[in-house]
$ cat start-v8.cif   # mmCIF, C-alpha atoms and all ligand atoms
data_protein
loop_
_atom_site.group_PDB
_atom_site.id
_atom_site.type_symbol
_atom_site.label_atom_id
_atom_site.label_comp_id
_atom_site.auth_asym_id
_atom_site.auth_seq_id
_atom_site.Cartn_x
_atom_site.Cartn_y
_atom_site.Cartn_z
ATOM 1 C CA MET A 2 107.998 59.565 100.759
ATOM 2 C CA PHE A 3 111.309 59.849 98.896
ATOM 3 C CA ASP A 4 110.757 63.542 98.109
ATOM 4 C CA LEU A 5 113.419 65.849 99.623
ATOM 5 C CA THR A 6 111.998 69.138 98.366
ATOM 6 C CA GLY A 7 112.663 71.951 100.851
ATOM 7 C CA LYS A 8 115.325 69.979 102.702
ATOM 8 C CA THR A 9 118.955 71.156 103.037
ATOM 9 C CA ALA A 10 121.581 68.429 102.835
ATOM 10 C CA TRP A 11 125.206 68.934 103.878
ATOM 11 C CA ILE A 12 127.517 66.249 102.479
ATOM 12 C CA THR A 13 131.060 66.488 103.817
ATOM 13 C CA GLY A 14 134.063 66.013 101.489
ATOM 14 C CA ALA A 15 131.831 65.860 98.433
ATOM 15 C CA SER A 16 133.750 67.522 95.576
ATOM 16 C CA TYR A 17 133.961 64.096 93.937
ATOM 17 C CA GLY A 18 133.730 60.381 94.698
ATOM 18 C CA ILE A 19 130.994 58.819 96.808
ATOM 19 C CA GLY A 20 130.022 62.139 98.397
ATOM 20 C CA PHE A 21 129.463 63.766 95.014
ATOM 21 C CA ALA A 22 127.263 60.885 93.812
ATOM 22 C CA ILE A 23 125.170 60.875 96.986
ATOM 23 C CA ALA A 24 124.768 64.677 96.895
ATOM 24 C CA SER A 25 123.714 64.520 93.236
ATOM 25 C CA GLY A 26 121.140 61.851 94.068
ATOM 26 C CA LEU A 27 119.699 63.858 96.950
ATOM 27 C CA ALA A 28 119.534 66.924 94.685
ATOM 28 C CA LYS A 29 117.545 64.960 92.101
ATOM 29 C CA GLN A 30 114.999 64.319 94.867
ATOM 30 C CA GLY A 31 114.729 68.069 95.502
ATOM 31 C CA ALA A 32 117.251 68.697 98.289
ATOM 32 C CA ARG A 33 119.380 71.867 98.422
ATOM 33 C CA ILE A 34 123.039 70.784 98.460
ATOM 34 C CA VAL A 35 125.842 72.162 100.598
ATOM 35 C CA PHE A 36 129.258 70.502 100.538
ATOM 36 C CA ASN A 37 132.724 71.265 101.833
ATOM 37 C CA ASP A 38 136.227 70.296 100.905
ATOM 38 C CA ILE A 39 139.536 70.829 102.473
ATOM 39 C CA ASN A 40 140.822 73.408 99.972
ATOM 40 C CA GLN A 41 139.407 76.172 97.796
ATOM 41 C CA GLU A 42 140.592 74.671 94.503
ATOM 42 C CA LEU A 43 138.685 71.423 95.138
ATOM 43 C CA ALA A 44 135.629 73.270 96.435
ATOM 44 C CA ASP A 45 135.592 75.402 93.255
ATOM 45 C CA LYS A 46 136.061 72.298 91.102
ATOM 46 C CA GLY A 47 133.208 70.663 92.965
ATOM 47 C CA VAL A 48 130.860 73.606 92.386
ATOM 48 C CA ALA A 49 131.677 73.430 88.675
ATOM 49 C CA SER A 50 131.028 69.664 88.585
ATOM 50 C CA TYR A 51 127.672 70.090 90.299
ATOM 51 C CA LYS A 52 126.795 72.920 87.891
ATOM 52 C CA GLU A 53 127.630 70.635 84.972
ATOM 53 C CA ALA A 54 125.161 68.162 86.462
ATOM 54 C CA GLY A 55 122.550 70.923 86.677
ATOM 55 C CA ILE A 56 122.871 71.230 90.470
ATOM 56 C CA ASP A 57 123.283 74.636 92.177
ATOM 57 C CA ALA A 58 125.411 73.414 95.100
ATOM 58 C CA ALA A 59 127.017 75.685 97.677
ATOM 59 C CA GLY A 60 130.656 74.715 98.250
ATOM 60 C CA TYR A 61 132.742 75.808 101.245
ATOM 61 C CA VAL A 62 136.293 75.249 102.451
ATOM 62 C CA CYS A 63 136.167 73.483 105.798
ATOM 63 C CA ASP A 64 138.379 70.890 107.447
ATOM 64 C CA VAL A 65 135.872 68.602 109.172
ATOM 65 C CA THR A 66 138.375 67.841 111.948
ATOM 66 C CA ASP A 67 138.408 71.496 113.004
ATOM 67 C CA GLU A 68 135.447 72.156 115.307
ATOM 68 C CA PRO A 69 135.486 76.003 115.110
ATOM 69 C CA SER A 70 135.317 75.924 111.302
ATOM 70 C CA VAL A 71 132.611 73.238 111.372
ATOM 71 C CA GLN A 72 130.556 75.287 113.832
ATOM 72 C CA ALA A 73 131.066 78.410 111.660
ATOM 73 C CA LEU A 74 129.939 76.520 108.540
ATOM 74 C CA VAL A 75 126.791 75.207 110.242
ATOM 75 C CA GLN A 76 126.027 78.748 111.424
ATOM 76 C CA LYS A 77 126.389 80.006 107.845
ATOM 77 C CA ILE A 78 124.097 77.241 106.527
ATOM 78 C CA THR A 79 121.572 78.105 109.233
ATOM 79 C CA GLN A 80 121.669 81.838 108.389
ATOM 80 C CA THR A 81 121.440 81.312 104.624
ATOM 81 C CA LEU A 82 119.342 78.152 104.256
ATOM 82 C CA GLY A 83 117.592 77.706 107.595
ATOM 83 C CA GLY A 84 119.783 74.860 108.896
ATOM 84 C CA VAL A 85 120.948 71.326 108.070
ATOM 85 C CA ASP A 86 118.127 68.800 107.680
ATOM 86 C CA ILE A 87 120.308 65.990 106.349
ATOM 87 C CA LEU A 88 123.968 65.465 107.278
ATOM 88 C CA VAL A 89 126.036 62.917 105.351
ATOM 89 C CA ASN A 90 129.355 62.304 107.131
ATOM 90 C CA ASN A 91 131.239 61.237 104.009
ATOM 91 C CA ALA A 92 134.694 62.876 104.232
ATOM 92 C CA GLY A 93 137.292 60.227 104.895
ATOM 93 C CA ILE A 94 140.858 59.152 104.356
ATOM 94 C CA ILE A 95 142.719 55.855 104.471
ATOM 95 C CA LYS A 96 146.399 55.058 105.031
ATOM 96 C CA ARG A 97 147.406 51.543 103.984
ATOM 97 C CA ILE A 98 150.422 50.776 106.216
ATOM 98 C CA PRO A 99 151.277 47.541 108.113
ATOM 99 C CA MET A 100 150.290 48.327 111.699
ATOM 100 C CA VAL A 101 153.710 47.743 113.212
ATOM 101 C CA ASP A 102 155.168 50.227 110.684
ATOM 102 C CA MET A 103 152.480 52.851 111.262
ATOM 103 C CA SER A 104 153.332 55.976 113.264
ATOM 104 C CA PRO A 105 150.950 57.123 116.011
ATOM 105 C CA GLU A 106 150.591 60.373 114.014
ATOM 106 C CA ASP A 107 149.346 58.487 110.946
ATOM 107 C CA PHE A 108 147.014 56.382 113.094
ATOM 108 C CA ARG A 109 145.642 59.505 114.815
ATOM 109 C CA LYS A 110 145.158 61.329 111.496
ATOM 110 C CA VAL A 111 142.887 58.552 110.157
ATOM 111 C CA ILE A 112 140.923 58.391 113.422
ATOM 112 C CA ASP A 113 140.640 62.192 113.365
ATOM 113 C CA VAL A 114 139.073 62.421 109.903
ATOM 114 C CA ASP A 115 137.085 59.158 109.863
ATOM 115 C CA LEU A 116 135.744 59.117 113.450
ATOM 116 C CA ASN A 117 136.343 62.382 115.326
ATOM 117 C CA ALA A 118 135.046 64.477 112.407
ATOM 118 C CA PRO A 119 131.659 62.699 112.178
ATOM 119 C CA PHE A 120 131.329 63.352 115.943
ATOM 120 C CA ILE A 121 132.219 67.056 115.454
ATOM 121 C CA CYS A 122 129.853 67.520 112.496
ATOM 122 C CA SER A 123 126.962 65.599 114.108
ATOM 123 C CA LYS A 124 127.391 67.576 117.354
ATOM 124 C CA ALA A 125 127.205 70.802 115.310
ATOM 125 C CA VAL A 126 123.930 69.980 113.528
ATOM 126 C CA ILE A 127 121.929 68.125 116.212
ATOM 127 C CA PRO A 128 120.818 71.202 118.262
ATOM 128 C CA GLY A 129 119.224 72.752 115.153
ATOM 129 C CA MET A 130 117.607 69.443 114.223
ATOM 130 C CA ILE A 131 116.112 69.227 117.728
ATOM 131 C CA GLU A 132 114.820 72.793 117.381
ATOM 132 C CA ARG A 133 113.196 72.043 114.012
ATOM 133 C CA GLY A 134 111.806 68.711 115.215
ATOM 134 C CA HIS A 135 113.496 66.471 112.651
ATOM 135 C CA GLY A 136 116.839 65.437 111.218
ATOM 136 C CA LYS A 137 118.721 62.734 109.338
ATOM 137 C CA ILE A 138 122.345 61.797 109.901
ATOM 138 C CA ILE A 139 123.973 59.289 107.548
ATOM 139 C CA ASN A 140 127.460 58.059 108.454
ATOM 140 C CA ILE A 141 129.467 56.515 105.628
ATOM 141 C CA CYS A 142 130.781 53.324 107.177
ATOM 142 C CA SER A 143 132.614 50.516 105.385
ATOM 143 C CA MET A 144 133.244 46.781 105.061
ATOM 144 C CA MET A 145 135.886 47.635 107.636
ATOM 145 C CA SER A 146 133.118 48.466 110.095
ATOM 146 C CA GLU A 147 132.738 44.665 110.264
ATOM 147 C CA LEU A 148 135.910 43.091 108.873
ATOM 148 C CA GLY A 149 139.662 43.574 109.176
ATOM 149 C CA ARG A 150 142.383 43.209 106.610
ATOM 150 C CA GLU A 151 146.119 43.778 106.413
ATOM 151 C CA THR A 152 147.412 47.390 106.447
ATOM 152 C CA VAL A 153 144.148 49.148 107.320
ATOM 153 C CA SER A 154 144.199 48.990 111.156
ATOM 154 C CA ALA A 155 143.520 52.708 111.715
ATOM 155 C CA TYR A 156 140.787 52.806 109.097
ATOM 156 C CA ALA A 157 139.062 49.686 110.478
ATOM 157 C CA ALA A 158 139.276 51.043 114.032
ATOM 158 C CA ALA A 159 137.733 54.326 112.846
ATOM 159 C CA LYS A 160 134.973 52.734 110.781
ATOM 160 C CA GLY A 161 134.196 50.241 113.553
ATOM 161 C CA GLY A 162 133.915 53.172 115.929
ATOM 162 C CA LEU A 163 131.745 55.037 113.421
ATOM 163 C CA LYS A 164 129.304 52.097 113.446
ATOM 164 C CA MET A 165 128.958 52.423 117.226
ATOM 165 C CA LEU A 166 128.819 56.242 117.101
ATOM 166 C CA THR A 167 125.914 55.809 114.666
ATOM 167 C CA LYS A 168 124.074 53.538 117.101
ATOM 168 C CA ASN A 169 124.762 55.895 119.985
ATOM 169 C CA ILE A 170 123.483 59.003 118.208
ATOM 170 C CA ALA A 171 120.362 57.013 117.273
ATOM 171 C CA SER A 172 119.938 55.990 120.928
ATOM 172 C CA GLU A 173 120.560 59.441 122.416
ATOM 173 C CA TYR A 174 118.570 61.584 119.953
ATOM 174 C CA GLY A 175 115.905 59.283 118.493
ATOM 175 C CA GLU A 176 113.249 60.827 120.747
ATOM 176 C CA PHE A 177 113.732 64.172 118.913
ATOM 177 C CA ASN A 178 112.743 62.583 115.594
ATOM 178 C CA ILE A 179 116.373 62.398 114.506
ATOM 179 C CA GLN A 180 117.324 59.235 112.637
ATOM 180 C CA CYS A 181 121.015 58.353 112.517
ATOM 181 C CA ASN A 182 121.995 55.439 110.293
ATOM 182 C CA GLY A 183 125.093 54.156 108.546
ATOM 183 C CA LEU A 184 125.603 53.455 104.875
ATOM 184 C CA GLY A 185 128.281 50.774 104.421
ATOM 185 C CA PRO A 186 129.631 50.678 100.862
ATOM 186 C CA GLY A 187 131.441 47.564 99.698
ATOM 187 C CA TYR A 188 134.371 48.066 97.346
ATOM 188 C CA ILE A 189 133.537 51.032 95.132
ATOM 189 C CA GLU A 190 135.336 52.494 92.115
ATOM 190 C CA THR A 191 136.577 55.875 93.377
ATOM 191 C CA PRO A 192 139.956 57.642 93.642
ATOM 192 C CA GLN A 193 140.341 56.141 97.124
ATOM 193 C CA THR A 194 140.412 52.586 95.779
ATOM 194 C CA ALA A 195 142.180 53.368 92.507
ATOM 195 C CA PRO A 196 145.508 51.921 93.793
ATOM 196 C CA LEU A 197 143.736 48.558 94.384
ATOM 197 C CA ARG A 198 142.114 48.423 90.948
ATOM 198 C CA THR A 199 145.101 48.405 88.639
ATOM 199 C CA PRO A 200 144.831 45.327 86.332
ATOM 200 C CA GLU A 201 147.975 43.736 87.764
ATOM 201 C CA HIS A 202 146.980 44.316 91.425
ATOM 202 C CA PRO A 203 145.981 40.945 92.986
ATOM 203 C CA PHE A 204 143.366 42.755 95.079
ATOM 204 C CA ASN A 205 141.302 43.445 91.953
ATOM 205 C CA LYS A 206 140.556 39.754 91.253
ATOM 206 C CA PHE A 207 140.371 39.033 94.969
ATOM 207 C CA ILE A 208 137.516 41.456 95.561
ATOM 208 C CA ILE A 209 135.590 40.141 92.583
ATOM 209 C CA SER A 210 135.917 36.612 93.979
ATOM 210 C CA LYS A 211 134.609 37.871 97.347
ATOM 211 C CA THR A 212 131.622 39.691 95.859
ATOM 212 C CA PRO A 213 128.540 37.645 94.812
ATOM 213 C CA ALA A 214 127.763 40.440 92.326
ATOM 214 C CA ALA A 215 131.225 39.624 90.859
ATOM 215 C CA ARG A 216 132.053 43.269 90.242
ATOM 216 C CA TRP A 217 133.343 46.424 91.960
ATOM 217 C CA GLY A 218 130.534 48.748 93.046
ATOM 218 C CA THR A 219 129.999 52.135 91.445
ATOM 219 C CA THR A 220 129.008 55.334 93.222
ATOM 220 C CA ASP A 221 125.621 55.090 91.454
ATOM 221 C CA ASP A 222 124.927 51.887 93.434
ATOM 222 C CA LEU A 223 124.893 53.990 96.614
ATOM 223 C CA VAL A 224 122.416 56.682 95.540
ATOM 224 C CA GLY A 225 119.128 54.809 96.068
ATOM 225 C CA PRO A 226 120.090 53.584 99.563
ATOM 226 C CA ALA A 227 121.255 57.117 100.471
ATOM 227 C CA VAL A 228 117.953 58.639 99.286
ATOM 228 C CA PHE A 229 116.095 56.047 101.373
ATOM 229 C CA LEU A 230 118.055 56.932 104.534
ATOM 230 C CA ALA A 231 117.702 60.687 103.862
ATOM 231 C CA SER A 232 113.926 60.585 103.286
ATOM 232 C CA ASP A 233 110.671 60.051 105.196
ATOM 233 C CA ALA A 234 110.755 56.471 103.901
ATOM 234 C CA SER A 235 113.193 55.661 106.741
ATOM 235 C CA ASN A 236 111.554 57.594 109.608
ATOM 236 C CA PHE A 237 111.359 54.442 111.750
ATOM 237 C CA VAL A 238 114.809 53.156 110.779
ATOM 238 C CA ASN A 239 117.355 54.167 113.399
ATOM 239 C CA GLY A 240 120.820 52.932 114.375
ATOM 240 C CA HIS A 241 120.950 50.665 111.326
ATOM 241 C CA ILE A 242 123.987 50.121 109.130
ATOM 242 C CA LEU A 243 122.747 49.572 105.568
ATOM 243 C CA TYR A 244 125.476 47.656 103.727
ATOM 244 C CA VAL A 245 125.582 48.229 99.977
ATOM 245 C CA ASP A 246 128.266 45.678 99.155
ATOM 246 C CA GLY A 247 126.954 43.381 96.412
ATOM 247 C CA GLY A 248 126.755 40.653 99.076
ATOM 248 C CA ILE A 249 130.357 40.615 100.319
ATOM 249 C CA LEU A 250 129.379 40.318 103.993
ATOM 250 C CA ALA A 251 127.107 37.353 103.205
ATOM 251 C CA TYR A 252 129.644 35.347 101.191
ATOM 252 C CA ILE A 253 132.623 33.126 102.067
ATOM 253 C CA GLY A 254 134.071 33.784 98.601
ATOM 254 C CA LYS A 255 134.357 31.853 95.366
ATOM 255 C CA GLN A 256 136.565 28.789 95.700
ATOM 256 C CA PRO A 257 139.749 29.280 93.606
HETATM 257 P P1 LIG B 1 137.811 59.887 98.202
HETATM 258 O O1 LIG B 1 137.613 59.696 96.751
HETATM 259 O O2 LIG B 1 139.183 59.801 98.781
HETATM 260 O O3 LIG B 1 137.123 61.271 98.672
HETATM 261 C C1 LIG B 1 137.203 61.604 100.021
HETATM 262 C C2 LIG B 1 136.746 63.041 100.128
HETATM 263 O O4 LIG B 1 136.876 63.467 101.495
HETATM 264 C C3 LIG B 1 137.609 63.981 99.288
HETATM 265 O O5 LIG B 1 136.814 64.971 98.696
HETATM 266 C C4 LIG B 1 138.529 64.582 100.342
HETATM 267 O O6 LIG B 1 139.007 65.864 99.996
HETATM 268 C C5 LIG B 1 137.577 64.707 101.502
HETATM 269 N N1 LIG B 1 138.306 64.922 102.762
HETATM 270 C C6 LIG B 1 139.325 64.189 103.262
HETATM 271 N N2 LIG B 1 139.709 64.703 104.443
HETATM 272 C C7 LIG B 1 138.934 65.798 104.675
HETATM 273 C C8 LIG B 1 138.853 66.762 105.732
HETATM 274 N N3 LIG B 1 139.673 66.719 106.788
HETATM 275 N N4 LIG B 1 137.934 67.753 105.627
HETATM 276 C C9 LIG B 1 137.109 67.830 104.559
HETATM 277 N N5 LIG B 1 137.123 66.949 103.515
HETATM 278 C C10 LIG B 1 138.035 65.945 103.599
HETATM 279 O O7 LIG B 1 136.953 58.802 98.986
HETATM 280 P P2 LIG B 1 135.645 58.007 98.564
HETATM 281 O O8 LIG B 1 136.049 56.675 98.023
HETATM 282 O O9 LIG B 1 134.720 58.893 97.787
HETATM 283 O O10 LIG B 1 135.061 57.730 100.013
HETATM 284 C C11 LIG B 1 134.157 58.613 100.627
HETATM 285 C C12 LIG B 1 133.759 57.955 101.926
HETATM 286 O O11 LIG B 1 133.322 56.621 101.673
HETATM 287 C C13 LIG B 1 134.938 57.841 102.907
HETATM 288 O O12 LIG B 1 134.449 58.002 104.230
HETATM 289 C C14 LIG B 1 135.394 56.388 102.723
HETATM 290 O O13 LIG B 1 136.027 55.895 103.892
HETATM 291 C C15 LIG B 1 134.084 55.712 102.497
HETATM 292 N N6 LIG B 1 134.121 54.420 101.792
HETATM 293 C C16 LIG B 1 134.722 54.318 100.577
HETATM 294 C C17 LIG B 1 134.662 53.062 99.934
HETATM 295 C C18 LIG B 1 135.292 52.835 98.583
HETATM 296 O O14 LIG B 1 135.409 51.657 98.178
HETATM 297 N N7 LIG B 1 135.676 53.861 97.865
HETATM 298 C C19 LIG B 1 134.009 51.987 100.520
HETATM 299 C C20 LIG B 1 133.457 52.156 101.795
HETATM 300 C C21 LIG B 1 133.508 53.392 102.402
HETATM 301 P P3 LIG B 1 140.521 65.987 99.465
HETATM 302 O O15 LIG B 1 140.530 65.434 98.083
HETATM 303 O O16 LIG B 1 140.811 67.451 99.531
HETATM 304 O O17 LIG B 1 141.391 65.171 100.417
HETATM 305 C C1 LIG B 2 140.799 48.874 101.460
HETATM 306 C C2 LIG B 2 139.717 49.695 100.830
HETATM 307 C C3 LIG B 2 138.468 49.625 101.663
HETATM 308 C C4 LIG B 2 137.407 50.500 101.061
HETATM 309 C C5 LIG B 2 136.138 50.369 101.813
HETATM 310 C C6 LIG B 2 135.604 48.978 101.857
HETATM 311 O O1 LIG B 2 141.984 49.268 101.372
HETATM 312 O O2 LIG B 2 140.448 47.833 102.018
HETATM 313 O O3 LIG B 2 140.128 51.032 100.661
HETATM 314 O O4 LIG B 2 138.750 50.037 102.967
HETATM 315 O O5 LIG B 2 137.788 51.811 101.083
HETATM 316 O O6 LIG B 2 136.199 50.945 103.073
HETATM 317 O O7 LIG B 2 134.271 49.044 102.345
#
$ encode --input "start-v8.cif" --output "structure tokens" --more "lines below"
Ligand code: NAP
Ligand code: GCO
Amino acid sequence: MFDLTGKTAWITGASYGIGFAIASGLAKQGARIVFNDINQELADKGVASYKEAGIDAAGYVCDVTDEPSVQALVQKITQTLGGVDILVNNAGIIKRIPMVDMSPEDFRKVIDVDLNAPFICSKAVIPGMIERGHGKIINICSMMSELGRETVSAYAAAKGGLKMLTKNIASEYGEFNIQCNGLGPGYIETPQTAPLRTPEHPFNKFIISKTPAARWGTTDDLVGPAVFLASDASNFVNGHILYVDGGILAYIGKQP
């Protein structure tokens, strides 16, 4: 039930980081991989990285906030590979700025990539999924889908919205055998969190004290849960946010 042979998976923003790890895991289960990045250099680098991992991934340049280019990419995937069976809305940015110092432009930019883009990409693939009678959409949520913290107001608003978009897609399209779920990573070692993981950064120790597993997550920790949500094993799981956080959301934190 975890076999993805014959399925086409499109993972957005997956030249590296969490998207790359999830795509690699889906490929190991037999899925054909398509990914996009915002510029050619990164897309080329991504193709080379997948090749190194023995994966023949198709990489395209596409800004997920731009509906015409998203629609064009989905059309190309449909013409060449028969359509998108699994969509992982992974592309995302964060801007860590105290809210009162944040410009509306910066706030909008985060909402655009982290919330509007998953709407645009899901809207582009759902008609084909309805036609083919099945589909999986996995939205990469966050601890910030549930919790707030200083300087990440836009990101938390986006990821909170993404949780509800996930539930709404599940509600609106479940009858067409489309399952839409969220994957909520805890704090994971990727370029996005690199600024928080320098040895002298107080956040480093803080997160370890807030995580029962007493460690940062790795992208490998996310692969099994992603395969589950992408496969027949989760055909009756819909509108669920699967947190992969080492227990952060269950824990008050180690007393100092
Ligand atoms: P990352 O290392 O910053 O990678 C993000 C990827 O998204 C990059 O490839 C980036 O491409 C791409 N991207 C950004 N804007 C894009 C756009 N407009 N169009 C297409 N691609 C775009 O981030 P990550 O840590 O792997 O995170 C991936 C996802 O997991 C994000 O949604 C993030 O919010 C979420 N997440 C991360 C953590 C964590 O601890 N790392 C935890 C929970 C959730 P460029 O390099 O060209 O910008
Ligand atoms: C931050 C981090 C987090 C992680 C992740 C947690 O500044 O708090 O970047 O937002 O990226 O989303 O689940």
$ residues_near_ligand --input "start-v8.cif" --ligand "ligand LIG 2 (chain B)" --cutoff "10 Å" --atoms "all atoms listed in the file" --output "PyMOL selection string"
chain A and resi 93-98+141-154+156-157+160+185-197+204+208+244-246+249
$ resolve_selection --input "start-v8.cif" --expression "the PyMOL selection byres (((chain A and resi 210) around 10) and not hetatm)" --output "PyMOL selection string"
chain A and resi 204-209+211-216+249+252-257
$ atom_distance --input "start-v8.cif" --atom1 "CA of Asn40 in chain A" --atom2 "CA of Val62 in chain A"
5.5 Å
$ resolve_selection --input "start-v8.cif" --expression "the PyMOL selection byres (((chain A and resi 36) around 12) and not hetatm)" --output "VMD selection string"
chain A and resid 9 to 17 20 to 25 28 33 to 35 37 to 41 43 to 48 51 56 to 65 71 74 to 75 78 85 87 to 92
$ resolve_selection --input "start-v8.cif" --expression "the PyMOL selection byres (((chain A and resi 221) around 10) and not hetatm)" --output "count of residues only"
14
$ closest_residue --input "start-v8.cif" --among "A:Ile112, A:Ala73, A:Ile131, A:Ala125" --to "ligand LIG 1 (chain B)" --atoms "all atoms listed in the file"
A:Ile112
$ atom_distance --input "start-v8.cif" --atom1 "atom O16 of ligand LIG 1 (chain B)" --atom2 "CA of Pro119 in chain A"
16.3 Å
$ atom_distance --input "start-v8.cif" --atom1 "CA of Ala49 in chain A" --atom2 "atom O12 of ligand LIG 1 (chain B)"
22.1 Å
$ axis_aligned_box --input "start-v8.cif" --around "range 60-72 of chain A" --padding-each-side "8 Å" --output "JSON"
{"center_x": 134.5, "center_y": 71.9, "center_z": 106.8, "size_x": 23.9, "size_y": 24.2, "size_z": 33.1}
$ residues_around --input "start-v8.cif" --residues "Arg133 in chain A" --least-positions-apart "6" --cutoff "12 Å" --atoms "all atoms listed in the file" --output "VMD selection string"
chain A and resid 8 79 83 to 86 126 to 127 177 to 179
$ write_last_selection --input "start-v8.cif" --atoms "C-alpha atoms" --output "PDB file, in the coordinates of the input"
ATOM      1  CA  LYS A   8     115.325  69.979 102.702  1.00  0.00           C
ATOM      2  CA  THR A  79     121.572  78.105 109.233  1.00  0.00           C
ATOM      3  CA  GLY A  83     117.592  77.706 107.595  1.00  0.00           C
ATOM      4  CA  GLY A  84     119.783  74.860 108.896  1.00  0.00           C
ATOM      5  CA  VAL A  85     120.948  71.326 108.070  1.00  0.00           C
ATOM      6  CA  ASP A  86     118.127  68.800 107.680  1.00  0.00           C
ATOM      7  CA  VAL A 126     123.930  69.980 113.528  1.00  0.00           C
ATOM      8  CA  ILE A 127     121.929  68.125 116.212  1.00  0.00           C
ATOM      9  CA  PHE A 177     113.732  64.172 118.913  1.00  0.00           C
ATOM     10  CA  ASN A 178     112.743  62.583 115.594  1.00  0.00           C
ATOM     11  CA  ILE A 179     116.373  62.398 114.506  1.00  0.00           C
TER      12      ILE A 179
END
$ closest_residue --input "start-v8.cif" --among "A:Lys29, A:Lys168, A:His135, A:Lys77" --to "Asn182 in chain A" --atoms "only C-alpha atoms"
A:Lys168
$ closest_residue --input "start-v8.cif" --among "A:Gly134, A:Gly161, A:Pro203, A:Pro99" --to "ligand LIG 1 (chain B)" --atoms "all atoms listed in the file"
A:Gly161
$ closest_residue --input "start-v8.cif" --among "A:Pro69, A:Pro105, A:Gly18, A:Gly7" --to "ligand LIG 1 (chain B)" --atoms "all atoms listed in the file"
A:Gly18
$ residues_around --input "start-v8.cif" --residues "Ser232 in chain A" --least-positions-apart "4" --cutoff "9 Å" --atoms "only C-alpha atoms" --output "CSV table (one decimal) with C-alpha atoms, keeping the file's coordinate frame"
chain,number,residue,atom,x,y,z
A,2,MET,CA,108.0,59.6,100.8
A,3,PHE,CA,111.3,59.8,98.9
A,4,ASP,CA,110.8,63.5,98.1
A,5,LEU,CA,113.4,65.8,99.6
A,87,ILE,CA,120.3,66.0,106.3
A,137,LYS,CA,118.7,62.7,109.3
A,227,ALA,CA,121.3,57.1,100.5
A,228,VAL,CA,118.0,58.6,99.3
A,236,ASN,CA,111.6,57.6,109.6
$ decode --input "start-v8.cif" --residues "range 27-31 of chain A" --atoms "all heavy atoms" --output "PDB file, in the first residue's frame"
ATOM      1  N   LEU A  27       9.754   9.709  -2.130  1.00  0.00           N
ATOM      2  CA  LEU A  27       8.656   9.269  -3.004  1.00  0.00           C
ATOM      3  C   LEU A  27       9.218   8.505  -4.209  1.00  0.00           C
ATOM      4  O   LEU A  27       8.649   7.503  -4.658  1.00  0.00           O
ATOM      5  CB  LEU A  27       7.822  10.468  -3.472  1.00  0.00           C
ATOM      6  CG  LEU A  27       7.158  11.325  -2.383  1.00  0.00           C
ATOM      7  CD1 LEU A  27       6.278  12.412  -3.036  1.00  0.00           C
ATOM      8  CD2 LEU A  27       6.317  10.481  -1.430  1.00  0.00           C
ATOM      9  N   ALA A  28      10.365   8.973  -4.696  1.00  0.00           N
ATOM     10  CA  ALA A  28      11.011   8.292  -5.843  1.00  0.00           C
ATOM     11  C   ALA A  28      11.405   6.872  -5.460  1.00  0.00           C
ATOM     12  O   ALA A  28      11.236   5.926  -6.241  1.00  0.00           O
ATOM     13  CB  ALA A  28      12.230   9.091  -6.295  1.00  0.00           C
ATOM     14  N   LYS A  29      11.903   6.701  -4.255  1.00  0.00           N
ATOM     15  CA  LYS A  29      12.330   5.364  -3.798  1.00  0.00           C
ATOM     16  C   LYS A  29      11.126   4.411  -3.735  1.00  0.00           C
ATOM     17  O   LYS A  29      11.274   3.189  -3.807  1.00  0.00           O
ATOM     18  CB  LYS A  29      13.001   5.439  -2.418  1.00  0.00           C
ATOM     19  CG  LYS A  29      14.421   6.047  -2.486  1.00  0.00           C
ATOM     20  CD  LYS A  29      15.253   5.712  -1.251  1.00  0.00           C
ATOM     21  CE  LYS A  29      16.639   6.349  -1.381  1.00  0.00           C
ATOM     22  NZ  LYS A  29      16.604   7.809  -1.050  1.00  0.00           N
ATOM     23  N   GLN A  30       9.922   4.979  -3.629  1.00  0.00           N
ATOM     24  CA  GLN A  30       8.721   4.143  -3.621  1.00  0.00           C
ATOM     25  C   GLN A  30       8.150   3.982  -5.030  1.00  0.00           C
ATOM     26  O   GLN A  30       7.050   3.453  -5.186  1.00  0.00           O
ATOM     27  CB  GLN A  30       7.659   4.761  -2.699  1.00  0.00           C
ATOM     28  CG  GLN A  30       8.059   4.807  -1.235  1.00  0.00           C
ATOM     29  CD  GLN A  30       8.366   3.420  -0.663  1.00  0.00           C
ATOM     30  OE1 GLN A  30       9.515   3.112  -0.326  1.00  0.00           O
ATOM     31  NE2 GLN A  30       7.357   2.580  -0.591  1.00  0.00           N
ATOM     32  N   GLY A  31       8.875   4.510  -6.038  1.00  0.00           N
ATOM     33  CA  GLY A  31       8.480   4.272  -7.424  1.00  0.00           C
ATOM     34  C   GLY A  31       7.858   5.442  -8.147  1.00  0.00           C
ATOM     35  O   GLY A  31       7.531   5.352  -9.329  1.00  0.00           O
TER      36      GLY A  31
END
